[in-house]
$ cat input_32.cif   # mmCIF, C-alpha atoms
data_protein
loop_
_atom_site.group_PDB
_atom_site.id
_atom_site.type_symbol
_atom_site.label_atom_id
_atom_site.label_comp_id
_atom_site.auth_asym_id
_atom_site.auth_seq_id
_atom_site.Cartn_x
_atom_site.Cartn_y
_atom_site.Cartn_z
ATOM 1 C CA MET A 1244 50.220 63.386 0.696
ATOM 2 C CA ASN A 1245 51.440 60.946 -1.960
ATOM 3 C CA TYR A 1246 48.675 60.728 -4.564
ATOM 4 C CA VAL A 1247 47.814 60.097 -8.208
ATOM 5 C CA SER A 1248 45.125 62.260 -9.796
ATOM 6 C CA VAL A 1249 42.750 60.736 -12.365
ATOM 7 C CA ILE A 1250 40.793 63.131 -14.596
ATOM 8 C CA VAL A 1251 38.268 61.942 -17.181
ATOM 9 C CA THR A 1252 37.348 64.145 -20.133
ATOM 10 C CA TYR A 1253 34.990 64.093 -23.083
ATOM 11 C CA ASN A 1254 34.548 67.002 -25.525
ATOM 12 C CA ARG A 1255 35.338 69.771 -23.060
ATOM 13 C CA LYS A 1256 38.661 71.129 -24.247
ATOM 14 C CA LYS A 1257 37.793 74.765 -23.457
ATOM 15 C CA LEU A 1258 38.222 74.267 -19.709
ATOM 16 C CA LEU A 1259 40.429 71.197 -19.709
ATOM 17 C CA LEU A 1260 43.840 72.881 -19.634
ATOM 18 C CA THR A 1261 42.743 75.038 -16.696
ATOM 19 C CA ALA A 1262 41.504 71.966 -14.812
ATOM 20 C CA LEU A 1263 44.752 70.091 -15.456
ATOM 21 C CA ASP A 1264 46.862 73.087 -14.509
ATOM 22 C CA SER A 1265 45.023 73.406 -11.184
ATOM 23 C CA VAL A 1266 46.105 69.870 -10.251
ATOM 24 C CA LEU A 1267 49.654 70.057 -11.563
ATOM 25 C CA LYS A 1268 50.273 73.226 -9.526
ATOM 26 C CA GLN A 1269 49.132 71.706 -6.230
ATOM 27 C CA ASN A 1270 51.390 71.745 -3.202
ATOM 28 C CA PRO A 1271 52.121 68.914 -2.684
ATOM 29 C CA GLN A 1272 52.299 67.972 -6.339
ATOM 30 C CA PRO A 1273 50.742 64.685 -7.474
ATOM 31 C CA ALA A 1274 52.962 61.741 -8.253
ATOM 32 C CA LYS A 1275 51.086 61.547 -11.563
ATOM 33 C CA VAL A 1276 48.149 63.158 -13.331
ATOM 34 C CA ILE A 1277 46.404 60.662 -15.609
ATOM 35 C CA LEU A 1278 44.066 62.173 -18.188
ATOM 36 C CA ILE A 1279 41.602 59.663 -19.630
ATOM 37 C CA ASP A 1280 40.213 60.986 -22.910
ATOM 38 C CA ASN A 1281 36.916 59.248 -23.667
ATOM 39 C CA HIS A 1282 37.525 59.452 -27.429
ATOM 40 C CA SER A 1283 36.714 63.166 -27.660
ATOM 41 C CA THR A 1284 35.745 64.501 -31.085
ATOM 42 C CA ASP A 1285 36.257 68.230 -30.422
ATOM 43 C CA GLY A 1286 40.005 68.424 -30.979
ATOM 44 C CA THR A 1287 41.028 67.534 -27.430
ATOM 45 C CA GLU A 1288 43.679 65.081 -28.612
ATOM 46 C CA ALA A 1289 45.386 67.623 -30.878
ATOM 47 C CA MET A 1290 45.244 70.314 -28.196
ATOM 48 C CA ILE A 1291 46.864 68.066 -25.586
ATOM 49 C CA LYS A 1292 49.568 66.793 -27.923
ATOM 50 C CA GLU A 1293 50.448 70.348 -28.990
ATOM 51 C CA SER A 1294 50.616 71.580 -25.394
ATOM 52 C CA GLU A 1295 53.538 71.712 -22.974
ATOM 53 C CA LEU A 1296 51.843 68.990 -20.962
ATOM 54 C CA MET A 1297 53.439 66.320 -23.132
ATOM 55 C CA ASN A 1298 56.858 67.466 -21.833
ATOM 56 C CA ASN A 1299 55.774 67.202 -18.207
ATOM 57 C CA ASN A 1300 56.893 63.973 -16.534
ATOM 58 C CA LEU A 1301 53.995 64.217 -14.094
ATOM 59 C CA PHE A 1302 51.441 64.001 -16.903
ATOM 60 C CA ARG A 1303 50.113 60.919 -18.682
ATOM 61 C CA TYR A 1304 47.602 61.106 -21.533
ATOM 62 C CA VAL A 1305 45.476 58.071 -22.423
ATOM 63 C CA ARG A 1306 42.990 58.239 -25.294
ATOM 64 C CA LEU A 1307 40.424 55.452 -25.267
ATOM 65 C CA PRO A 1308 39.405 53.829 -28.586
ATOM 66 C CA GLU A 1309 35.725 54.612 -27.908
ATOM 67 C CA ASN A 1310 33.576 56.622 -25.538
ATOM 68 C CA VAL A 1311 32.864 54.310 -22.611
ATOM 69 C CA GLY A 1312 31.307 57.038 -20.466
ATOM 70 C CA GLY A 1313 32.464 58.439 -17.172
ATOM 71 C CA SER A 1314 32.198 55.080 -15.439
ATOM 72 C CA GLY A 1315 34.398 53.348 -17.992
ATOM 73 C CA GLY A 1316 36.847 56.242 -17.933
ATOM 74 C CA PHE A 1317 37.192 56.269 -14.156
ATOM 75 C CA SER A 1318 37.490 52.495 -14.036
ATOM 76 C CA LYS A 1319 40.358 52.619 -16.543
ATOM 77 C CA GLY A 1320 41.943 55.541 -14.732
ATOM 78 C CA VAL A 1321 41.920 53.753 -11.396
ATOM 79 C CA GLU A 1322 43.399 50.660 -13.026
ATOM 80 C CA LEU A 1323 46.286 52.728 -14.414
ATOM 81 C CA ALA A 1324 46.736 54.725 -11.185
ATOM 82 C CA LEU A 1325 47.388 51.502 -9.300
ATOM 83 C CA GLU A 1326 50.552 51.078 -11.384
ATOM 84 C CA TYR A 1327 52.176 53.870 -9.366
ATOM 85 C CA ASP A 1328 53.515 53.731 -5.831
ATOM 86 C CA ALA A 1329 51.021 56.177 -4.319
ATOM 87 C CA ASP A 1330 49.013 56.068 -1.098
ATOM 88 C CA TRP A 1331 45.983 57.884 -2.467
ATOM 89 C CA ILE A 1332 44.049 58.241 -5.735
ATOM 90 C CA SER A 1333 41.902 61.268 -6.511
ATOM 91 C CA LEU A 1334 39.068 61.303 -9.044
ATOM 92 C CA SER A 1335 37.631 64.317 -10.841
ATOM 93 C CA ASP A 1336 35.938 65.408 -14.042
ATOM 94 C CA ASP A 1337 37.304 67.873 -16.558
ATOM 95 C CA ASP A 1338 35.141 70.709 -15.186
ATOM 96 C CA ALA A 1339 36.677 70.777 -11.680
ATOM 97 C CA VAL A 1340 39.233 73.505 -10.961
ATOM 98 C CA PHE A 1341 41.052 73.036 -7.653
ATOM 99 C CA GLU A 1342 42.229 75.694 -5.233
ATOM 100 C CA PRO A 1343 46.057 75.470 -4.847
ATOM 101 C CA ASP A 1344 45.881 74.028 -1.330
ATOM 102 C CA TYR A 1345 43.160 71.437 -1.995
ATOM 103 C CA PHE A 1346 45.320 68.360 -1.478
ATOM 104 C CA PHE A 1347 47.372 69.987 1.279
ATOM 105 C CA ASN A 1348 44.190 70.496 3.303
ATOM 106 C CA ILE A 1349 42.950 66.966 2.687
ATOM 107 C CA GLY A 1350 46.376 65.516 3.434
ATOM 108 C CA LYS A 1351 46.514 67.317 6.761
ATOM 109 C CA VAL A 1352 43.158 65.902 7.870
ATOM 110 C CA ALA A 1353 44.065 62.453 6.526
ATOM 111 C CA GLN A 1354 47.225 62.493 8.642
ATOM 112 C CA GLU A 1355 45.162 63.316 11.730
ATOM 113 C CA ASN A 1356 42.623 60.549 10.965
ATOM 114 C CA SER A 1357 44.655 57.545 9.874
ATOM 115 C CA GLN A 1358 41.657 55.208 10.238
ATOM 116 C CA ILE A 1359 39.687 57.127 7.564
ATOM 117 C CA LYS A 1360 40.273 55.860 4.017
ATOM 118 C CA ALA A 1361 38.293 58.352 1.921
ATOM 119 C CA PHE A 1362 37.924 62.125 1.789
ATOM 120 C CA ALA A 1363 36.182 64.790 -0.250
ATOM 121 C CA GLY A 1364 36.191 68.585 -0.415
ATOM 122 C CA THR A 1365 33.806 71.489 -0.811
ATOM 123 C CA ILE A 1366 32.378 71.969 -4.284
ATOM 124 C CA LYS A 1367 31.480 75.500 -5.323
ATOM 125 C CA LEU A 1368 29.721 76.804 -8.400
ATOM 126 C CA PRO A 1369 31.389 79.541 -10.470
ATOM 127 C CA ASP A 1370 29.233 82.167 -8.712
ATOM 128 C CA GLY A 1371 30.651 81.151 -5.338
ATOM 129 C CA ARG A 1372 27.680 79.186 -4.003
ATOM 130 C CA ILE A 1373 28.318 75.779 -2.471
ATOM 131 C CA GLN A 1374 26.897 73.037 -4.676
ATOM 132 C CA LEU A 1375 25.203 71.189 -1.865
ATOM 133 C CA ASP A 1376 24.005 68.210 -3.920
ATOM 134 C CA GLN A 1377 27.591 66.940 -4.278
ATOM 135 C CA ARG A 1378 27.955 65.781 -0.667
ATOM 136 C CA ASN A 1379 25.117 63.752 0.858
ATOM 137 C CA ARG A 1380 24.004 61.500 3.688
ATOM 138 C CA ILE A 1381 21.880 58.390 3.305
ATOM 139 C CA THR A 1382 18.415 58.570 4.856
ATOM 140 C CA ASN A 1383 17.413 55.019 3.892
ATOM 141 C CA TRP A 1384 20.027 52.288 3.459
ATOM 142 C CA ASN A 1385 17.653 49.941 1.624
ATOM 143 C CA TYR A 1386 17.014 52.055 -1.468
ATOM 144 C CA PHE A 1387 19.538 54.826 -0.855
ATOM 145 C CA SER A 1388 17.402 57.911 -0.588
ATOM 146 C CA HIS A 1389 19.643 60.728 0.598
ATOM 147 C CA GLN A 1390 19.789 64.386 1.456
ATOM 148 C CA ALA A 1391 22.412 67.085 1.030
ATOM 149 C CA VAL A 1392 24.526 68.137 3.975
ATOM 150 C CA PRO A 1393 23.204 71.539 5.192
ATOM 151 C CA GLN A 1394 25.330 74.552 4.325
ATOM 152 C CA ALA A 1395 25.831 75.415 8.002
ATOM 153 C CA GLU A 1396 27.970 72.288 8.476
ATOM 154 C CA TYR A 1397 30.531 73.572 5.982
ATOM 155 C CA ARG A 1398 31.941 75.750 8.765
ATOM 156 C CA GLY A 1399 33.902 72.652 9.768
ATOM 157 C CA ASN A 1400 34.664 69.146 8.572
ATOM 158 C CA PHE A 1401 31.908 66.529 8.612
ATOM 159 C CA GLU A 1402 31.111 62.926 7.761
ATOM 160 C CA ILE A 1403 29.233 62.031 4.579
ATOM 161 C CA ASP A 1404 27.945 58.854 2.988
ATOM 162 C CA LEU A 1405 27.957 59.864 -0.668
ATOM 163 C CA PHE A 1406 30.179 61.954 -2.909
ATOM 164 C CA THR A 1407 30.476 62.619 -6.615
ATOM 165 C CA PHE A 1408 33.647 62.044 -8.587
ATOM 166 C CA CYS A 1409 34.492 65.713 -8.195
ATOM 167 C CA GLY A 1410 37.553 65.822 -5.999
ATOM 168 C CA CYS A 1411 37.188 62.665 -3.925
ATOM 169 C CA VAL A 1412 40.419 61.157 -2.555
ATOM 170 C CA ILE A 1413 40.535 57.446 -1.742
ATOM 171 C CA SER A 1414 43.162 55.265 -0.114
ATOM 172 C CA THR A 1415 44.966 52.992 -2.569
ATOM 173 C CA GLU A 1416 44.828 50.287 0.072
ATOM 174 C CA LEU A 1417 41.038 50.510 0.171
ATOM 175 C CA ILE A 1418 40.725 50.600 -3.630
ATOM 176 C CA LYS A 1419 42.681 47.354 -3.846
ATOM 177 C CA GLN A 1420 40.160 45.895 -1.417
ATOM 178 C CA ILE A 1421 36.920 47.060 -3.087
ATOM 179 C CA GLY A 1422 38.020 47.198 -6.718
ATOM 180 C CA ALA A 1423 37.608 49.942 -9.324
ATOM 181 C CA PRO A 1424 34.367 51.771 -10.137
ATOM 182 C CA HIS A 1425 31.983 49.733 -12.290
ATOM 183 C CA ASP A 1426 32.932 50.211 -15.927
ATOM 184 C CA ASP A 1427 29.493 49.300 -17.312
ATOM 185 C CA PHE A 1428 27.356 52.059 -15.751
ATOM 186 C CA PHE A 1429 28.355 54.418 -18.610
ATOM 187 C CA ILE A 1430 27.381 57.578 -16.693
ATOM 188 C CA TRP A 1431 25.587 58.603 -13.518
ATOM 189 C CA TYR A 1432 25.294 56.776 -10.199
ATOM 190 C CA ASP A 1433 28.730 55.184 -10.609
ATOM 191 C CA ASP A 1434 30.107 57.595 -8.016
ATOM 192 C CA ILE A 1435 27.244 56.921 -5.592
ATOM 193 C CA GLU A 1436 27.689 53.163 -5.956
ATOM 194 C CA TYR A 1437 31.424 53.553 -5.326
ATOM 195 C CA ALA A 1438 30.876 55.671 -2.229
ATOM 196 C CA LEU A 1439 28.485 53.005 -0.922
ATOM 197 C CA ARG A 1440 31.162 50.356 -1.362
ATOM 198 C CA ILE A 1441 33.639 52.569 0.483
ATOM 199 C CA ARG A 1442 31.179 53.018 3.344
ATOM 200 C CA LEU A 1443 31.223 49.272 3.930
ATOM 201 C CA TYR A 1444 34.804 49.672 5.168
ATOM 202 C CA SER A 1445 35.412 53.290 6.110
ATOM 203 C CA LYS A 1446 33.807 56.566 7.033
ATOM 204 C CA ILE A 1447 34.179 59.452 4.555
ATOM 205 C CA ILE A 1448 35.153 62.924 5.754
ATOM 206 C CA ASN A 1449 34.488 66.115 3.832
ATOM 207 C CA VAL A 1450 37.292 68.630 4.383
ATOM 208 C CA SER A 1451 35.514 71.958 4.066
ATOM 209 C CA GLN A 1452 38.640 74.062 3.534
ATOM 210 C CA ALA A 1453 39.580 71.961 0.506
ATOM 211 C CA ILE A 1454 37.719 73.748 -2.290
ATOM 212 C CA ASN A 1455 37.268 73.221 -5.987
ATOM 213 C CA THR A 1456 35.044 75.059 -8.421
ATOM 214 C CA HIS A 1457 32.674 72.946 -10.504
ATOM 215 C CA HIS A 1458 32.108 74.643 -13.854
ATOM 216 C CA THR A 1459 28.731 73.137 -14.607
ATOM 217 C CA HIS A 1460 25.222 74.250 -15.473
ATOM 218 C CA TRP A 1461 23.404 73.356 -12.273
ATOM 219 C CA VAL A 1462 19.685 72.516 -12.293
ATOM 220 C CA ASP A 1463 17.574 71.918 -9.188
ATOM 221 C CA VAL A 1464 16.110 68.526 -10.087
ATOM 222 C CA HIS A 1465 13.735 68.662 -7.116
ATOM 223 C CA SER A 1466 11.732 71.483 -8.690
ATOM 224 C CA THR A 1467 12.586 71.140 -12.389
ATOM 225 C CA TYR A 1468 12.324 68.171 -14.718
ATOM 226 C CA PRO A 1469 14.767 68.663 -17.632
ATOM 227 C CA ALA A 1470 13.834 65.415 -19.449
ATOM 228 C CA ASP A 1471 17.541 64.654 -19.827
ATOM 229 C CA TRP A 1472 18.676 61.547 -21.740
ATOM 230 C CA ARG A 1473 21.058 60.781 -18.868
ATOM 231 C CA GLU A 1474 18.132 60.049 -16.553
ATOM 232 C CA TYR A 1475 17.876 56.579 -18.061
ATOM 233 C CA TYR A 1476 21.314 55.684 -16.661
ATOM 234 C CA TRP A 1477 20.443 57.086 -13.230
ATOM 235 C CA ILE A 1478 17.333 54.889 -13.040
ATOM 236 C CA ARG A 1479 19.016 51.751 -14.379
ATOM 237 C CA ASN A 1480 22.189 52.101 -12.340
ATOM 238 C CA ARG A 1481 20.374 52.998 -9.134
ATOM 239 C CA THR A 1482 18.143 49.943 -9.504
ATOM 240 C CA VAL A 1483 21.192 47.711 -9.995
ATOM 241 C CA THR A 1484 22.846 49.256 -6.941
ATOM 242 C CA VAL A 1485 19.772 48.750 -4.762
ATOM 243 C CA LYS A 1486 19.624 45.112 -5.852
ATOM 244 C CA GLU A 1487 23.302 44.589 -5.011
ATOM 245 C CA LEU A 1488 23.873 46.719 -1.913
ATOM 246 C CA GLY A 1489 20.503 47.402 -0.263
ATOM 247 C CA ARG A 1490 20.771 46.235 3.347
ATOM 248 C CA ASN A 1491 17.387 44.749 4.253
ATOM 249 C CA ARG A 1492 16.517 42.279 1.516
ATOM 250 C CA LEU A 1493 12.794 42.287 2.299
ATOM 251 C CA MET A 1494 12.581 46.070 2.045
ATOM 252 C CA VAL A 1495 14.749 46.042 -1.062
ATOM 253 C CA ASN A 1496 12.366 43.645 -2.781
ATOM 254 C CA VAL A 1497 9.367 45.740 -1.754
ATOM 255 C CA TRP A 1498 11.018 48.856 -3.209
ATOM 256 C CA LEU A 1499 11.888 47.076 -6.447
ATOM 257 C CA LEU A 1500 8.272 45.927 -6.863
ATOM 258 C CA LEU A 1501 6.726 49.293 -6.057
ATOM 259 C CA PHE A 1502 9.196 51.596 -7.820
ATOM 260 C CA ILE A 1503 7.371 51.816 -11.162
ATOM 261 C CA PRO A 1504 3.821 52.201 -9.721
ATOM 262 C CA VAL A 1505 5.003 54.867 -7.284
ATOM 263 C CA MET A 1506 6.954 56.768 -9.941
ATOM 264 C CA PHE A 1507 4.121 56.639 -12.462
ATOM 265 C CA THR A 1508 1.769 58.060 -9.822
ATOM 266 C CA ARG A 1509 4.245 60.845 -9.075
ATOM 267 C CA ILE A 1510 4.738 61.622 -12.753
ATOM 268 C CA LEU A 1511 0.988 61.924 -13.283
ATOM 269 C CA ARG A 1512 0.472 64.155 -10.252
ATOM 270 C CA GLN A 1513 3.421 66.544 -10.144
ATOM 271 C CA SER A 1514 3.253 69.673 -12.268
ATOM 272 C CA MET A 1515 6.955 69.684 -13.153
ATOM 273 C CA TYR A 1516 6.314 66.691 -15.445
ATOM 274 C CA LYS A 1517 3.681 68.585 -17.432
ATOM 275 C CA HIS A 1518 4.114 68.055 -21.211
ATOM 276 C CA LYS A 1519 6.866 65.496 -20.439
ATOM 277 C CA ARG A 1520 4.891 62.748 -18.735
ATOM 278 C CA LEU A 1521 5.146 60.162 -21.522
ATOM 279 C CA HIS A 1522 8.891 60.680 -21.777
ATOM 280 C CA ALA A 1523 9.297 60.290 -18.013
ATOM 281 C CA MET A 1524 7.241 57.104 -17.936
ATOM 282 C CA TYR A 1525 9.161 55.622 -20.857
ATOM 283 C CA VAL A 1526 12.569 56.369 -19.338
ATOM 284 C CA HIS A 1527 11.614 54.915 -15.966
ATOM 285 C CA LEU A 1528 10.122 51.782 -17.523
ATOM 286 C CA VAL A 1529 13.065 51.074 -19.855
ATOM 287 C CA GLY A 1530 15.691 51.893 -17.230
ATOM 288 C CA THR A 1531 14.086 49.575 -14.698
ATOM 289 C CA ARG A 1532 13.614 46.789 -17.243
ATOM 290 C CA ASP A 1533 17.266 46.956 -18.354
ATOM 291 C CA ALA A 1534 18.437 46.781 -14.742
ATOM 292 C CA TRP A 1535 16.419 43.605 -14.238
ATOM 293 C CA ILE A 1536 17.684 41.890 -17.400
ATOM 294 C CA GLY A 1537 21.285 43.041 -16.900
ATOM 295 C CA LYS A 1538 21.506 45.257 -19.975
ATOM 296 C CA MET A 1539 24.393 47.510 -19.000
ATOM 297 C CA GLY A 1540 26.868 49.788 -20.740
ATOM 298 C CA LYS A 1541 25.971 52.391 -23.359
ATOM 299 C CA ASN A 1542 22.422 52.340 -24.677
ATOM 300 C CA PRO A 1543 22.242 53.843 -28.214
ATOM 301 C CA LYS A 1544 18.668 55.053 -27.513
ATOM 302 C CA PHE A 1545 19.929 57.303 -24.721
ATOM 303 C CA LEU A 1546 22.759 59.434 -26.030
ATOM 304 C CA PRO A 1547 23.097 63.192 -26.642
#
$ encode --input "input_32.cif" --output "C-alpha cells"
Amino acid sequence: MNYVSVIVTYNRKKLLLTALDSVLKQNPQPAKVILIDNHSTDGTEAMIKESELMNNNLFRYVRLPENVGGSGGFSKGVELALEYDADWISLSDDDAVFEPDYFFNIGKVAQENSQIKAFAGTIKLPDGRIQLDQRNRITNWNYFSHQAVPQAEYRGNFEIDLFTFCGCVISTELIKQIGAPHDDFFIWYDDIEYALRIRLYSKIINVSQAINTHHTHWVDVHSTYPADWREYYWIRNRTVTVKELGRNRLMVNVWLLLFIPVMFTRILRQSMYKHKRLHAMYVHLVGTRDAWIGKMGKNPKFLP
C-alpha cells in the first residue's frame, strides 16, 4: 500500500510522539507522514524540532500561522499530501496510536476490493473496548441520523456510511474527484460531511483487524449532556451539510424548519438537560442561525 499519512495536532504533545512513531513504524511504511500543527501553544513546536523526527526523510512538519481547527488542518494536510505520488491518503488525529499492521491489513483488503475507494479500521479505547460511535450507518439520508455498527459485526469486515478522521484511508484518485475536507467547519462534523461525499462515489469498508487505540475521554452523549462549547460547531456544520447533501429536498426543508422547535421540546423534557437548558437552547439557536446566514469558520464565542 503506497500511502501518505496526515496527522493534525493541537496542544497535545504528551502523546504526539507516540502517535507519530506508531505510523512511522508501520509495515509497509508510509511514503510520507505530514504533521499539521494547528499553532500549538504547549511547546509542541520545540519538542518536534528537538526530536529525531527532523532527521527522518519520511517526516514533514508544517506549523500553521493560526489555529484553524481540525477541519482547516485536515484540509491543508490533504492539499499537501496530494503533492506526493501516493495511491492513498490516511487521516488521523494526534490521539490515535496504530497497531503495527494497521495499514498492512487495510492494504490487503483494498487489493481484494479494487472498486472500493475508502477504508477505515477498528477504534478501541485505552481500556480495550471498541469505541462504537466512530463507525456508523445512516438511518435517514435526508438529515443524516445514524447509528453505530453493532459490536458483533466486528468479527469480520463490514460496510459503513460514516467514519471519523481516526484512521480512515482514502484513494487519492477519489480525493482529486471530491476535493479536500471543508476548511471552514473549524471542528466537528467535517469528517461526517467528508464521508457523505465519499459515499456518493464509493462504498466504505471497515477492516476490523486494522486496529488503532484512541486516547480520548469518551462520553456517552445519548445519556449525558456535557454542555461542551464544541456542540455549536456540530449543530452549525450538520445544518450546512443537510442543506447541501440531504437527498429529498422536500424532507430536508421540513427538517430545517422543524429542527429548532423539536430540539427545544426535547431540551425542556429530557432530564439530562437539567440545569443546562438555557445553554442548550442558546447553542442550538445560534448554531442554526449561523448555518443559515453562512457564518462559518471559528466563532470566538465558542472556544475553550
$ residues_near_point --input "input_32.cif" --point "(42.0, 71.7, -22.5)" --cutoff "10 Å" --atoms "all atoms listed in the file" --output "list in words"
Thr1252, Asn1254, Arg1255, Lys1256, Lys1257, Leu1258, Leu1259, Leu1260, Thr1261, Ala1262, Leu1263, Asp1264, Gly1286, Thr1287, Glu1288, Ala1289, Met1290, Ile1291, Ser1294 and Asp1337 of chain A
$ write_last_selection --input "input_32.cif" --atoms "C-alpha atoms" --output "mmCIF file, keeping the file's coordinate frame"
data_model
loop_
_atom_site.group_PDB
_atom_site.id
_atom_site.type_symbol
_atom_site.label_atom_id
_atom_site.label_comp_id
_atom_site.auth_asym_id
_atom_site.auth_seq_id
_atom_site.Cartn_x
_atom_site.Cartn_y
_atom_site.Cartn_z
ATOM 1 C CA THR A 1252 37.348 64.145 -20.133
ATOM 2 C CA ASN A 1254 34.548 67.002 -25.525
ATOM 3 C CA ARG A 1255 35.338 69.771 -23.060
ATOM 4 C CA LYS A 1256 38.661 71.129 -24.247
ATOM 5 C CA LYS A 1257 37.793 74.765 -23.457
ATOM 6 C CA LEU A 1258 38.222 74.267 -19.709
ATOM 7 C CA LEU A 1259 40.429 71.197 -19.709
ATOM 8 C CA LEU A 1260 43.840 72.881 -19.634
ATOM 9 C CA THR A 1261 42.743 75.038 -16.696
ATOM 10 C CA ALA A 1262 41.504 71.966 -14.812
ATOM 11 C CA LEU A 1263 44.752 70.091 -15.456
ATOM 12 C CA ASP A 1264 46.862 73.087 -14.509
ATOM 13 C CA GLY A 1286 40.005 68.424 -30.979
ATOM 14 C CA THR A 1287 41.028 67.534 -27.430
ATOM 15 C CA GLU A 1288 43.679 65.081 -28.612
ATOM 16 C CA ALA A 1289 45.386 67.623 -30.878
ATOM 17 C CA MET A 1290 45.244 70.314 -28.196
ATOM 18 C CA ILE A 1291 46.864 68.066 -25.586
ATOM 19 C CA SER A 1294 50.616 71.580 -25.394
ATOM 20 C CA ASP A 1337 37.304 67.873 -16.558
#
$ closest_residue --input "input_32.cif" --among "A:Ser1335, A:Thr1508, A:Ser1248, A:Gln1354" --to "A:Cys1409" --atoms "all atoms listed in the file"
A:Ser1335
$ closest_atom_pairs --input "input_32.cif" --of "stretch 1346-1391 of chain A" --to "stretch 1476-1482 of chain A" --cutoff "12 Å" --atoms "only C-alpha atoms" --output "JSON lines"
{"residue": "A:Asn1385", "atom": "CA", "partner": "A:Thr1482", "partner_atom": "CA", "distance": 11.1}
{"residue": "A:Tyr1386", "atom": "CA", "partner": "A:Thr1482", "partner_atom": "CA", "distance": 8.4}
{"residue": "A:Phe1387", "atom": "CA", "partner": "A:Arg1481", "partner_atom": "CA", "distance": 8.5}
{"residue": "A:Ser1388", "atom": "CA", "partner": "A:Arg1481", "partner_atom": "CA", "distance": 10.3}
$ write_last_selection --input "input_32.cif" --atoms "C-alpha atoms" --output "PDB file, in the frame of the given file"
ATOM      1  CA  ASN A1385      17.653  49.941   1.624  1.00  0.00           C
ATOM      2  CA  TYR A1386      17.014  52.055  -1.468  1.00  0.00           C
ATOM      3  CA  PHE A1387      19.538  54.826  -0.855  1.00  0.00           C
ATOM      4  CA  SER A1388      17.402  57.911  -0.588  1.00  0.00           C
TER       5      SER A1388
END
$ closest_residue --input "input_32.cif" --among "A:Ile1366, A:Ala1534, A:Ala1274, A:Ile1510" --to "A:Glu1326" --atoms "all atoms listed in the file"
A:Ala1274
$ atom_distance --input "input_32.cif" --atom1 "atom CA of A:Gln1358" --atom2 "atom CA of A:Lys1446"
8.6 Å
$ residues_around --input "input_32.cif" --residues "A:Pro1424" --least-positions-apart "2" --cutoff "7 Å" --atoms "all atoms listed in the file" --output "number ranges by chain"
A: 1314, 1317-1318, 1422, 1426, 1433, 1437
$ write_last_selection --input "input_32.cif" --atoms "C-alpha atoms" --output "PDB file, in the coordinates of the input"
ATOM      1  CA  SER A1314      32.198  55.080 -15.439  1.00  0.00           C
ATOM      2  CA  PHE A1317      37.192  56.269 -14.156  1.00  0.00           C
ATOM      3  CA  SER A1318      37.490  52.495 -14.036  1.00  0.00           C
ATOM      4  CA  GLY A1422      38.020  47.198  -6.718  1.00  0.00           C
ATOM      5  CA  ASP A1426      32.932  50.211 -15.927  1.00  0.00           C
ATOM      6  CA  ASP A1433      28.730  55.184 -10.609  1.00  0.00           C
ATOM      7  CA  TYR A1437      31.424  53.553  -5.326  1.00  0.00           C
TER       8      TYR A1437
END
$ resolve_selection --input "input_32.cif" --expression "the PyMOL selection byres ((chain A and resi 1487) around 12)" --output "JSON list (two decimals) with C-alpha atoms, in the coordinates of the input"
[["chain", "number", "residue", "atom", "x", "y", "z"],
["A", 1384, "TRP", "CA", 20.03, 52.29, 3.46],
["A", 1385, "ASN", "CA", 17.65, 49.94, 1.62],
["A", 1386, "TYR", "CA", 17.01, 52.06, -1.47],
["A", 1387, "PHE", "CA", 19.54, 54.83, -0.86],
["A", 1436, "GLU", "CA", 27.69, 53.16, -5.96],
["A", 1439, "LEU", "CA", 28.48, 53.00, -0.92],
["A", 1440, "ARG", "CA", 31.16, 50.36, -1.36],
["A", 1480, "ASN", "CA", 22.19, 52.10, -12.34],
["A", 1481, "ARG", "CA", 20.37, 53.00, -9.13],
["A", 1482, "THR", "CA", 18.14, 49.94, -9.50],
["A", 1483, "VAL", "CA", 21.19, 47.71, -9.99],
["A", 1484, "THR", "CA", 22.85, 49.26, -6.94],
["A", 1485, "VAL", "CA", 19.77, 48.75, -4.76],
["A", 1486, "LYS", "CA", 19.62, 45.11, -5.85],
["A", 1488, "LEU", "CA", 23.87, 46.72, -1.91],
["A", 1489, "GLY", "CA", 20.50, 47.40, -0.26],
["A", 1490, "ARG", "CA", 20.77, 46.24, 3.35],
["A", 1491, "ASN", "CA", 17.39, 44.75, 4.25],
["A", 1492, "ARG", "CA", 16.52, 42.28, 1.52],
["A", 1495, "VAL", "CA", 14.75, 46.04, -1.06],
["A", 1496, "ASN", "CA", 12.37, 43.64, -2.78],
["A", 1499, "LEU", "CA", 11.89, 47.08, -6.45],
["A", 1534, "ALA", "CA", 18.44, 46.78, -14.74],
["A", 1535, "TRP", "CA", 16.42, 43.60, -14.24]]
$ closest_residue --input "input_32.cif" --among "A:His1425, A:His1527, A:Arg1509, A:Lys1367" --to "A:Phe1341" --atoms "all atoms listed in the file"
A:Lys1367
$ atom_distance --input "input_32.cif" --atom1 "atom CA of A:Val1392" --atom2 "atom CA of A:Arg1380"
6.7 Å
$ resolve_selection --input "input_32.cif" --expression "the PyMOL selection byres ((chain A and resi 1360) around 9)" --output "list in words"
Trp1331, Ala1353, Asn1356, Ser1357, Gln1358, Ile1359, Ala1361, Phe1362, Val1412, Ile1413, Ser1414, Thr1415, Glu1416, Leu1417, Ile1441, Tyr1444, Ser1445, Lys1446, Ile1447 and Ile1448 of chain A
